[in-house]
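Reproduced below: structure.cif, with mmCIF, C-alpha atoms.
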```cif
data_target
loop_
_atom_site.label_atom_id
_atom_site.label_comp_id
_atom_site.auth_asym_id
_atom_site.auth_seq_id
_atom_site.Cartn_x
_atom_site.Cartn_y
_atom_site.Cartn_z
CA MET A 1 0.00 0.00 0.00
CA ASN A 2 2.84 2.41 0.88
CA ARG A 3 4.59 1.54 -2.37
CA TYR A 4 1.45 2.26 -4.37
CA PHE A 5 1.01 5.53 -2.48
CA LYS A 6 4.58 6.57 -3.30
CA GLU A 7 4.12 5.57 -6.95
CA THR A 8 0.91 7.54 -7.38
CA PHE A 9 1.79 10.55 -5.19
CA SER A 10 3.56 12.36 -8.01
CA SER A 11 0.29 12.52 -9.94
CA GLU A 12 -2.10 12.69 -6.97
CA TRP A 13 -0.42 15.36 -4.80
CA ILE A 14 -2.54 18.09 -6.35
CA LYS A 15 -5.67 16.43 -4.89
CA TYR A 16 -4.20 16.58 -1.39
CA VAL A 17 -3.34 20.26 -1.79
CA ALA A 18 -6.74 21.05 -3.29
CA VAL A 19 -8.60 19.30 -0.48
CA VAL A 20 -6.65 21.19 2.20
CA ILE A 21 -7.34 24.55 0.54
CA LEU A 22 -10.99 23.64 0.01
CA SER A 23 -11.37 22.60 3.67
CA ILE A 24 -10.03 25.93 4.89
CA LEU A 25 -12.22 27.91 2.49
CA ILE A 26 -15.37 25.97 3.36
CA MET A 27 -14.78 26.28 7.10
CA THR A 28 -14.08 30.01 6.84
CA ALA A 29 -17.30 30.50 4.87
CA ALA A 30 -19.29 28.32 7.31
CA PHE A 31 -18.07 30.22 10.38
CA GLY A 32 -18.57 33.56 8.64
CA LEU A 33 -22.15 32.66 7.73
CA TYR A 34 -22.97 31.19 11.13
CA HIS A 35 -21.63 34.23 12.98
CA ALA A 36 -22.98 36.82 10.56
CA PRO A 37 -25.09 39.31 12.51
CA LYS A 38 -28.81 38.76 12.16
CA GLU A 39 -31.13 41.57 11.09
CA GLN A 40 -31.90 42.43 14.70
CA GLU A 41 -28.20 42.53 15.58
CA LYS A 42 -27.31 45.06 12.89
CA ILE A 43 -27.94 48.80 12.70
CA ASP A 44 -27.80 50.72 9.42
CA LEU A 45 -27.31 54.45 9.94
CA PHE A 46 -28.01 56.82 7.06
CA PHE A 47 -26.29 60.18 7.32
CA ALA A 48 -27.23 63.11 5.08
CA GLY A 49 -23.79 64.49 4.51
CA LYS A 50 -20.18 63.38 4.16
CA VAL A 51 -18.67 60.80 6.48
CA LYS A 52 -15.18 61.77 7.67
CA ASP A 53 -14.26 58.62 9.51
CA TYR A 54 -15.93 55.23 9.20
CA SER A 55 -14.27 54.02 12.40
CA PHE A 56 -17.48 55.23 14.05
CA GLU A 57 -18.95 51.89 12.89
CA LYS A 58 -16.57 50.05 15.21
CA SER A 59 -17.09 52.25 18.26
CA ALA A 60 -20.86 52.35 17.76
CA LYS A 61 -21.08 48.56 18.05
CA MET A 62 -20.73 48.92 21.84
CA SER A 63 -23.57 51.46 22.00
CA VAL A 64 -26.48 49.12 22.61
CA GLU A 65 -26.44 45.60 24.01
CA GLY A 66 -27.01 43.03 21.30
CA ILE A 67 -25.72 45.12 18.41
CA LYS A 68 -22.94 43.28 16.61
CA LYS A 69 -22.57 45.49 13.57
CA VAL A 70 -23.15 49.13 12.63
CA GLU A 71 -23.00 50.18 9.00
CA ILE A 72 -23.06 53.75 7.76
CA SER A 73 -24.40 54.82 4.43
CA SER A 74 -24.44 58.45 3.37
CA SER A 75 -25.31 60.93 0.70
CA ASP A 76 -24.59 64.64 0.51
CA PRO A 77 -27.78 66.74 0.19
CA LYS A 78 -25.91 68.86 -2.39
CA ASP A 79 -25.63 65.86 -4.73
CA ASN A 80 -28.16 65.35 -7.51
CA THR A 81 -28.69 61.77 -6.42
CA PHE A 82 -29.39 62.65 -2.79
CA HIS A 83 -33.18 62.46 -2.90
CA HIS A 84 -33.15 59.13 -4.65
CA LYS A 85 -30.61 57.72 -2.20
CA TYR A 86 -32.41 59.22 0.78
CA SER A 87 -35.73 57.66 -0.16
CA VAL A 88 -34.33 54.25 -1.21
CA VAL A 89 -31.39 53.72 1.15
CA GLY A 90 -32.41 56.00 3.97
CA LEU A 91 -36.16 55.70 4.31
CA ASN A 92 -36.46 52.09 3.18
CA GLY A 93 -33.15 50.40 3.94
CA ALA A 94 -31.76 52.04 7.05
CA ASP A 95 -32.71 51.70 10.71
CA VAL A 96 -31.77 55.22 11.84
CA VAL A 97 -31.34 58.39 9.81
CA LEU A 98 -29.46 61.53 10.81
CA VAL A 99 -30.48 64.47 8.62
CA PRO A 100 -30.37 68.28 8.73
CA LEU A 101 -33.55 70.06 9.76
CA SER A 102 -34.25 71.24 6.20
CA ILE A 103 -34.43 67.64 5.00
CA ALA A 104 -36.52 66.57 8.00
CA GLU A 105 -39.06 69.28 7.21
CA LYS A 106 -39.47 67.99 3.65
CA THR A 107 -40.03 64.40 4.86
CA GLU A 108 -43.48 63.07 5.66
CA CYS A 109 -42.66 61.74 9.10
CA LYS A 110 -46.03 60.04 9.62
CA THR A 111 -45.25 57.38 7.00
CA ALA A 112 -41.48 57.39 7.14
CA PHE A 113 -40.57 57.35 10.81
CA TYR A 114 -41.37 55.61 14.06
CA PRO A 115 -42.76 57.96 16.75
CA LEU A 116 -40.04 58.59 19.32
CA SER A 117 -40.99 59.21 22.91
CA GLU A 118 -39.03 60.08 26.04
CA VAL A 119 -36.51 62.30 24.29
CA GLU A 120 -35.33 65.63 25.66
CA ASP A 121 -35.66 67.75 22.55
CA PRO A 122 -38.18 66.11 20.27
CA TYR A 123 -38.80 67.03 16.63
CA LEU A 124 -42.52 67.44 16.12
CA GLN A 125 -44.56 67.17 12.98
CA GLU A 126 -48.34 67.66 13.17
CA GLY A 127 -48.08 67.57 16.94
CA GLN A 128 -46.41 64.15 17.07
CA ALA A 129 -42.80 63.56 18.15
CA TYR A 130 -41.02 61.61 15.43
CA GLY A 131 -37.38 62.43 15.98
CA ALA A 132 -34.94 64.01 18.36
CA PHE A 133 -32.76 67.05 17.78
CA LEU A 134 -29.07 66.34 18.06
CA PRO A 135 -27.76 68.49 20.94
CA ASP A 136 -24.76 70.74 20.27
CA GLN A 137 -22.64 68.67 22.60
CA ALA A 138 -23.39 65.46 20.72
CA LYS A 139 -22.97 67.23 17.36
CA GLU A 140 -19.53 68.41 18.37
CA ALA A 141 -18.50 64.99 19.63
CA LEU A 142 -19.78 63.32 16.46
CA SER A 143 -18.13 65.88 14.19
CA ARG A 144 -15.01 63.77 14.53
CA TYR A 145 -16.75 61.26 12.28
CA PHE A 146 -19.36 63.26 10.35
CA LEU A 147 -19.14 66.52 8.40
CA PHE A 148 -22.04 68.56 9.79
CA GLY A 149 -23.46 71.75 8.30
CA GLU A 150 -24.47 74.83 10.24
CA GLU A 151 -28.14 73.90 10.75
CA ARG A 152 -29.52 71.61 13.40
CA TYR A 153 -29.65 67.88 12.82
CA VAL A 154 -32.41 65.44 13.68
CA VAL A 155 -32.22 61.74 14.48
CA PHE A 156 -35.10 59.54 13.31
CA VAL A 157 -35.93 55.86 13.57
CA VAL A 158 -37.16 54.48 10.25
CA ALA A 159 -40.67 53.03 10.53
CA SER A 160 -39.88 50.02 8.28
CA SER A 161 -36.89 48.97 10.41
CA VAL A 162 -37.20 45.52 12.02
CA ASN A 163 -35.42 47.04 15.01
CA ALA A 164 -38.17 49.61 15.57
CA GLY A 165 -40.31 47.44 17.78
CA ARG A 166 -40.75 44.44 15.48
CA LEU A 167 -37.82 42.09 16.11
CA SER A 168 -36.13 44.39 18.60
CA ASP A 169 -36.04 47.96 19.91
CA ARG A 170 -32.37 48.41 19.16
CA ALA A 171 -32.88 51.14 16.53
CA ILE A 172 -34.80 53.21 19.11
CA ASP A 173 -32.09 52.62 21.75
CA PHE A 174 -29.40 53.48 19.21
CA ALA A 175 -31.11 56.73 18.24
CA LYS A 176 -31.35 57.71 21.91
CA TRP A 177 -27.70 56.82 22.38
CA LEU A 178 -26.75 59.07 19.46
CA VAL A 179 -28.41 62.13 20.97
CA ARG A 180 -26.61 61.48 24.26
CA TYR A 181 -23.22 60.96 22.54
CA VAL A 182 -20.30 62.77 24.15
CA MET B 1 -3.48 -27.15 -4.42
CA ARG B 2 -6.32 -24.66 -4.67
CA LEU B 3 -4.90 -21.13 -4.98
CA VAL B 4 -8.03 -19.05 -5.39
CA ARG B 5 -11.28 -20.04 -3.71
CA GLU B 6 -14.76 -18.64 -3.43
CA GLU B 7 -13.90 -17.91 0.19
CA ASP B 8 -11.17 -15.56 -1.04
CA LEU B 9 -13.77 -13.58 -2.94
CA THR B 10 -16.10 -13.57 0.06
CA ARG B 11 -13.24 -12.37 2.26
CA ALA B 12 -12.29 -9.70 -0.28
CA ASN B 13 -15.91 -8.51 -0.46
CA LYS B 14 -16.11 -8.36 3.31
CA LYS B 15 -12.88 -6.35 3.44
CA VAL B 16 -14.24 -3.83 0.96
CA LYS B 17 -17.46 -3.44 2.96
CA ARG B 18 -15.56 -3.28 6.25
CA ASP B 19 -13.17 -0.63 4.91
CA PHE B 20 -16.05 1.50 3.67
CA ALA B 21 -17.96 1.09 6.92
CA LEU B 22 -14.86 2.20 8.82
CA TYR B 23 -14.57 5.24 6.57
CA LEU B 24 -18.20 6.13 7.20
CA ALA B 25 -17.69 5.77 10.95
CA ILE B 26 -14.68 8.10 10.81
CA ALA B 27 -16.68 10.51 8.64
CA CYS B 28 -19.48 10.58 11.23
CA VAL B 29 -17.01 11.31 14.03
CA TYR B 30 -15.40 14.08 11.97
CA LEU B 31 -18.78 15.59 11.09
CA ALA B 32 -19.89 15.55 14.73
CA ALA B 33 -16.65 17.23 15.84
CA ALA B 34 -16.78 19.83 13.05
CA LEU B 35 -20.40 20.72 13.77
CA LEU B 36 -19.84 20.88 17.52
CA LEU B 37 -16.90 23.25 16.99
CA LEU B 38 -19.05 25.40 14.71
CA PHE B 39 -22.22 25.56 16.79
CA PHE B 40 -20.49 26.01 20.13
CA SER B 41 -18.06 28.66 18.88
CA PRO B 42 -18.30 32.04 20.61
CA ASP B 43 -18.32 35.40 18.81
CA SER B 44 -14.53 35.53 18.89
CA TYR B 45 -14.39 32.27 16.98
CA VAL B 46 -10.94 32.31 15.38
CA PRO B 47 -9.43 29.51 17.55
CA PHE B 48 -12.47 27.33 16.81
CA LEU B 49 -12.17 28.13 13.11
CA ILE B 50 -8.50 27.12 13.13
CA ALA B 51 -9.28 23.87 14.97
CA ASP B 52 -12.15 23.07 12.61
CA SER B 53 -10.02 23.87 9.55
CA VAL B 54 -7.26 21.58 10.83
CA ILE B 55 -9.56 18.60 11.42
CA SER B 56 -11.34 19.23 8.11
CA ALA B 57 -8.05 19.33 6.22
CA ALA B 58 -6.91 16.16 8.02
CA PHE B 59 -10.16 14.38 7.17
CA GLY B 60 -9.90 15.64 3.59
CA VAL B 61 -6.37 14.30 3.22
CA PHE B 62 -7.45 11.00 4.80
CA SER B 63 -10.40 10.80 2.38
CA VAL B 64 -8.19 11.35 -0.65
CA TYR B 65 -5.75 8.70 0.61
CA PHE B 66 -8.58 6.32 1.39
CA PHE B 67 -10.27 6.54 -1.99
CA THR B 68 -7.13 6.72 -4.13
CA VAL B 69 -4.99 4.18 -2.27
CA SER B 70 -6.44 2.04 0.49
CA PHE B 71 -10.03 1.48 -0.66
CA HIS B 72 -8.97 1.55 -4.30
CA LEU B 73 -6.58 -1.35 -3.73
CA SER B 74 -9.18 -3.38 -1.78
CA ARG B 75 -11.71 -2.93 -4.56
CA LYS B 76 -9.28 -3.70 -7.35
CA LYS B 77 -8.05 -6.86 -5.65
CA ARG B 78 -11.65 -7.95 -5.11
CA ASP B 79 -12.39 -7.26 -8.78
CA ARG B 80 -9.38 -9.29 -9.93
CA ILE B 81 -10.41 -12.27 -7.79
CA GLU B 82 -13.96 -12.02 -9.07
CA LYS B 83 -12.71 -11.85 -12.64
CA ALA B 84 -10.50 -14.90 -12.13
CA LEU B 85 -13.29 -16.96 -10.55
CA SER B 86 -16.03 -15.94 -12.96
CA ALA B 87 -13.99 -16.59 -16.12
CA LEU B 88 -14.41 -19.89 -17.96
CA PRO B 89 -11.84 -22.15 -16.24
CA GLU B 90 -9.16 -23.72 -18.40
CA LYS B 91 -7.32 -26.87 -17.47
CA ASP B 92 -3.97 -27.65 -19.05
CA PHE B 93 -0.86 -29.64 -18.37
CA GLY B 94 2.24 -27.50 -18.28
CA VAL B 95 5.89 -27.48 -17.35
CA TYR B 96 7.02 -24.76 -15.00
CA LEU B 97 9.82 -22.74 -16.56
CA SER B 98 10.61 -19.73 -14.35
CA PRO B 99 9.17 -16.78 -12.46
CA ASP B 100 8.44 -13.85 -14.72
CA GLY B 101 8.70 -11.00 -12.22
CA GLU B 102 6.08 -8.90 -10.50
CA ARG B 103 3.17 -7.20 -12.18
CA THR B 104 1.05 -4.32 -10.93
CA GLU B 105 -2.45 -4.03 -12.31
CA ASP B 106 -4.35 -1.02 -10.96
CA GLY B 107 -2.09 -1.10 -7.93
CA VAL B 108 -2.71 -4.81 -7.20
CA ARG B 109 0.60 -6.64 -6.94
CA LEU B 110 0.70 -9.93 -8.77
CA VAL B 111 3.45 -12.46 -9.39
CA ALA B 112 3.84 -13.88 -12.89
CA TYR B 113 5.06 -17.37 -13.77
CA LEU B 114 6.05 -18.84 -17.12
CA PHE B 115 4.87 -22.29 -18.10
CA LEU B 116 5.38 -24.36 -21.21
CA VAL B 117 1.89 -25.37 -22.32
CA ARG B 118 1.34 -27.39 -25.50
CA GLY B 119 4.69 -26.32 -26.83
CA ASN B 120 4.13 -22.61 -26.18
CA GLU B 121 5.32 -20.34 -23.40
CA ARG B 122 2.44 -19.03 -21.42
CA GLU B 123 2.36 -16.59 -18.53
CA TYR B 124 0.06 -17.04 -15.56
CA LYS B 125 -0.45 -14.58 -12.74
CA SER B 126 -0.86 -15.35 -9.06
CA PHE B 127 -2.03 -13.20 -6.14
CA THR B 128 0.59 -14.72 -3.86
CA PRO B 129 4.18 -15.93 -4.40
CA LEU B 130 4.45 -19.69 -5.00
CA SER B 131 7.24 -22.23 -4.49
CA LEU B 132 7.34 -24.15 -7.76
CA LYS B 133 9.82 -26.73 -9.01
CA GLU B 134 11.60 -25.59 -12.16
CA GLY B 135 10.94 -28.17 -14.80
CA GLY B 136 8.13 -29.59 -12.68
CA LYS B 137 4.99 -30.76 -14.38
CA TYR B 138 1.68 -29.38 -13.25
CA LEU B 139 -2.00 -29.63 -13.98
CA ILE B 140 -2.91 -25.97 -14.29
CA GLU B 141 -6.39 -24.65 -13.68
CA SER B 142 -6.64 -21.01 -14.70
CA GLY B 143 -9.21 -18.28 -15.22
CA ALA B 144 -8.63 -15.03 -17.09
CA GLY B 145 -4.90 -15.63 -16.95
CA PHE B 146 -4.84 -16.22 -13.18
CA LEU B 147 -3.71 -19.45 -11.55
CA LEU B 148 -6.71 -20.94 -9.73
CA ALA B 149 -5.23 -24.33 -8.85
CA LEU B 150 -2.02 -26.27 -9.40
CA GLU B 151 -1.50 -30.00 -9.04
CA GLU B 152 1.94 -31.52 -9.36
CA GLU B 153 1.65 -34.30 -11.90
CA ASP B 154 3.17 -37.73 -12.26
CA GLU B 155 6.00 -37.82 -14.89
CA SER B 156 4.35 -40.74 -16.58
CA LEU B 157 1.52 -38.57 -17.86
CA PHE B 158 3.98 -36.70 -20.05
#
```
What would you get if you wrote out this structure as structure tokens?
Amino acid sequence: MNRYFKETFSSEWIKYVAVVILSILIMTAAFGLYHAPKEQEKIDLFFAGKVKDYSFEKSAKMSVEGIKKVEISSSDPKDNTFHHKYSVVGLNGADVVLVPLSIAEKTECKTAFYPLSEVEDPYLQEGQAYGAFLPDQAKEALSRYFLFGEERYVVFVVASSVNAGRLSDRAIDFAKWLVRYV
Amino acid sequence: MRLVREEDLTRANKKVKRDFALYLAIACVYLAAALLLLFFSPDSYVPFLIADSVISAAFGVFSVYFFTVSFHLSRKKRDRIEKALSALPEKDFGVYLSPDGERTEDGVRLVAYLFLVRGNEREYKSFTPLSLKEGGKYLIESGAGFLLALEEEDESLF
């Protein structure tokens, strides 16, 4: 048997190498898939503006218990594609949006956002609190990561988010954490 | 002297089945270990991933070896025995001339012997080495070129 193995190894060695590589690749994929954050363990934040530093995604993971991943998407309101991106990515794909007041005023909050309660400085539309104003202190602290304009910014929780009371409340907790950020 | 019997085929068949059953048992143990490592891995799973990759690679290498060497040889030997026993048996008187070296067919090692049969040199293969008398006369029973039985014959018959 050993003799046959030695005789055939010169032509068969590639199978041994291939199977080792394949094993590593399959295991890496399996672990990656198994440990991939579920919908309720992920927060997508849409920012209306330019992002200076995406390392905020890493530090924001510790914000709320149970969040394993934070992803930021953004679009500058000065861009032509902003409104399209805001409505598709922001209002339908994200969990939390952070937008300047001028954008918030043009958004129909009743259909787009989840009503936020127990916030210090709520943003009201038609008498209902839908968002929270970002305090100056939080805005300054977050300016390390985000390029803010002069106007005030508002944090909203997207109504279609699974983390807005459906699978979890993590989007609501995250939004409240943002306004308290120092 | 009977060289190849039905029992040899039965034994060869059993070995093939036993080898495969052993492989399946090892595969089950590997699968259980791999799945346990995966499902019980914590969020910082890199050590578990490394361990699982190592046992997967080891099982993969073992599988390649098993199917290309070990199991392959068991099956091929079984097939050769089956071929020898299922072929139409031939019986001839022959004079043993000399060994004709080793042969390898699909990895199965065989020993070849030259006989003088009806005035012609003829090669027969055997699964095991034999002690034959050079110049000795034998009644040869063969199938598909394999020696199935050999009986040393009385000189007077020649």
Pull the closest atom pair for each residue of chain A that gets at most 12 Å from chain B, along with the distance in Å to one decimal, counting all atoms listed in the file, ordering rows by chain and then ascending residue number, as CSV.
```
residue,atom,partner,partner_atom,distance
A:Met1,CA,B:Ser70,CA,6.8
A:Asn2,CA,B:Val69,CA,8.6
A:Arg3,CA,B:Gly107,CA,9.1
A:Tyr4,CA,B:Gly107,CA,6.0
A:Phe5,CA,B:Val69,CA,6.2
A:Lys6,CA,B:Val69,CA,9.9
A:Glu7,CA,B:Gly107,CA,9.2
A:Thr8,CA,B:Val69,CA,8.5
A:Phe9,CA,B:Tyr65,CA,9.7
A:Ser11,CA,B:Thr68,CA,11.1
A:Glu12,CA,B:Thr68,CA,8.3
A:Trp13,CA,B:Val64,CA,9.7
A:Ile14,CA,B:Val64,CA,10.5
A:Lys15,CA,B:Val64,CA,7.1
A:Tyr16,CA,B:Val61,CA,5.6
A:Val17,CA,B:Val61,CA,8.4
A:Ala18,CA,B:Gly60,CA,9.3
A:Val19,CA,B:Gly60,CA,5.6
A:Val20,CA,B:Ala57,CA,4.6
A:Ile21,CA,B:Ala57,CA,7.7
A:Leu22,CA,B:Ala57,CA,8.1
A:Ser23,CA,B:Ala57,CA,5.3
A:Ile24,CA,B:Ser53,CA,5.1
A:Leu25,CA,B:Ser53,CA,8.4
A:Ile26,CA,B:Ser53,CA,8.4
A:Met27,CA,B:Ser53,CA,5.9
A:Thr28,CA,B:Leu49,CA,6.8
A:Ala29,CA,B:Leu49,CA,10.0
A:Ala30,CA,B:Leu38,CA,8.0
A:Phe31,CA,B:Leu38,CA,6.6
A:Gly32,CA,B:Tyr45,CA,9.4
A:Leu33,CA,B:Leu38,CA,10.5
A:Tyr34,CA,B:Leu38,CA,7.9
A:His35,CA,B:Asp43,CA,6.8
A:Ala36,CA,B:Asp43,CA,9.6
A:Pro37,CA,B:Asp43,CA,10.0
A:Gly66,CA,B:Asp43,CA,11.8
A:Lys68,CA,B:Asp43,CA,9.4
```
For the PyMOL selection byres ((chain B and resi 12) around 12), applied here, can you spell out every residue it catches as a ChimeraX atom specification?
/B:4-11,13-19,71,73-82
Store the residues picked out above in a file with C-alpha atoms, as a CSV table (one decimal), keeping the file's coordinate frame.
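After the write, selection.csv holds the following:
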```
chain,number,residue,atom,x,y,z
B,4,VAL,CA,-8.0,-19.0,-5.4
B,5,ARG,CA,-11.3,-20.0,-3.7
B,6,GLU,CA,-14.8,-18.6,-3.4
B,7,GLU,CA,-13.9,-17.9,0.2
B,8,ASP,CA,-11.2,-15.6,-1.0
B,9,LEU,CA,-13.8,-13.6,-2.9
B,10,THR,CA,-16.1,-13.6,0.1
B,11,ARG,CA,-13.2,-12.4,2.3
B,13,ASN,CA,-15.9,-8.5,-0.5
B,14,LYS,CA,-16.1,-8.4,3.3
B,15,LYS,CA,-12.9,-6.4,3.4
B,16,VAL,CA,-14.2,-3.8,1.0
B,17,LYS,CA,-17.5,-3.4,3.0
B,18,ARG,CA,-15.6,-3.3,6.2
B,19,ASP,CA,-13.2,-0.6,4.9
B,71,PHE,CA,-10.0,1.5,-0.7
B,73,LEU,CA,-6.6,-1.4,-3.7
B,74,SER,CA,-9.2,-3.4,-1.8
B,75,ARG,CA,-11.7,-2.9,-4.6
B,76,LYS,CA,-9.3,-3.7,-7.4
B,77,LYS,CA,-8.0,-6.9,-5.6
B,78,ARG,CA,-11.6,-8.0,-5.1
B,79,ASP,CA,-12.4,-7.3,-8.8
B,80,ARG,CA,-9.4,-9.3,-9.9
B,81,ILE,CA,-10.4,-12.3,-7.8
B,82,GLU,CA,-14.0,-12.0,-9.1
```
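When CA of Tyr114 (chain A) is paired with CA of Val158 (chain A), their separation reads 5.8 Å.
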Residues proximal to (-25.0, 60.1, 17.3) were defined as those with any atom within 12 Å of that point in the file's coordinates, counting only C-alpha atoms. Which are they, as a PyMOL selection string?
chain A and resi 45-47+56-57+59-60+63+72+96-99+132-146+148+153-156+171+173-182
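Note that CA of Glu151 (chain B) and CA of Leu116 (chain B) are 15.1 Å apart.
Between CA of Glu120 (chain A) and CA of Arg166 (chain A) lies a distance of 24.1 Å.
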Starting from the displayed file, determine the output of the PyMOL selection byres ((chain A and resi 76-80) around 10) and express the residue list as JSON, numbers by chain.
{"A": [47, 48, 49, 50, 51, 74, 75, 81, 82, 83, 84, 85, 86, 99, 100, 102, 103, 147]}
Which neighbours of Tyr124 (chain B) fall inside 12 Å, counting all atoms listed in the file, when residues of the same chain fewer than 5 positions from it are skipped, and could you give them as a ChimeraX atom specification?
/B:84,90,92,94,96-103,110-117,129-130,140-150
Since the input has fewer atoms than a full residue there, write region 124-137 of chain A out with N, CA and C atoms, as an mmCIF file, keeping the file's coordinate frame.
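For reference, result_29.cif as written:
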```
data_model
loop_
_atom_site.group_PDB
_atom_site.id
_atom_site.type_symbol
_atom_site.label_atom_id
_atom_site.label_comp_id
_atom_site.auth_asym_id
_atom_site.auth_seq_id
_atom_site.Cartn_x
_atom_site.Cartn_y
_atom_site.Cartn_z
ATOM 1 N N LEU A 124 -41.081 67.677 16.261
ATOM 2 C CA LEU A 124 -42.520 67.440 16.120
ATOM 3 C C LEU A 124 -42.978 67.714 14.702
ATOM 4 N N GLN A 125 -43.896 66.904 14.262
ATOM 5 C CA GLN A 125 -44.560 67.170 12.980
ATOM 6 C C GLN A 125 -46.036 66.816 13.192
ATOM 7 N N GLU A 126 -46.893 67.798 12.921
ATOM 8 C CA GLU A 126 -48.340 67.660 13.170
ATOM 9 C C GLU A 126 -48.612 67.229 14.610
ATOM 10 N N GLY A 127 -47.848 67.789 15.518
ATOM 11 C CA GLY A 127 -48.080 67.570 16.940
ATOM 12 C C GLY A 127 -47.512 66.261 17.476
ATOM 13 N N GLN A 128 -46.940 65.454 16.638
ATOM 14 C CA GLN A 128 -46.410 64.150 17.070
ATOM 15 C C GLN A 128 -44.881 64.183 17.036
ATOM 16 N N ALA A 129 -44.267 63.613 18.086
ATOM 17 C CA ALA A 129 -42.800 63.560 18.150
ATOM 18 C C ALA A 129 -42.302 62.375 17.329
ATOM 19 N N TYR A 130 -41.544 62.681 16.278
ATOM 20 C CA TYR A 130 -41.020 61.610 15.430
ATOM 21 C C TYR A 130 -39.508 61.458 15.529
ATOM 22 N N GLY A 131 -38.831 62.495 15.925
ATOM 23 C CA GLY A 131 -37.380 62.430 15.980
ATOM 24 C C GLY A 131 -36.872 63.180 17.180
ATOM 25 N N ALA A 132 -35.563 63.266 17.268
ATOM 26 C CA ALA A 132 -34.940 64.010 18.360
ATOM 27 C C ALA A 132 -33.847 64.894 17.783
ATOM 28 N N PHE A 133 -33.829 66.148 18.218
ATOM 29 C CA PHE A 133 -32.760 67.050 17.780
ATOM 30 C C PHE A 133 -31.444 66.594 18.373
ATOM 31 N N LEU A 134 -30.407 66.690 17.573
ATOM 32 C CA LEU A 134 -29.070 66.340 18.060
ATOM 33 C C LEU A 134 -28.525 67.530 18.845
ATOM 34 N N PRO A 135 -28.273 67.367 20.148
ATOM 35 C CA PRO A 135 -27.760 68.490 20.940
ATOM 36 C C PRO A 135 -26.393 68.952 20.429
ATOM 37 N N ASP A 136 -26.052 70.190 20.731
ATOM 38 C CA ASP A 136 -24.760 70.740 20.270
ATOM 39 C C ASP A 136 -23.585 69.927 20.774
ATOM 40 N N GLN A 137 -23.728 69.443 22.002
ATOM 41 C CA GLN A 137 -22.640 68.670 22.600
ATOM 42 C C GLN A 137 -22.393 67.372 21.807
#
```
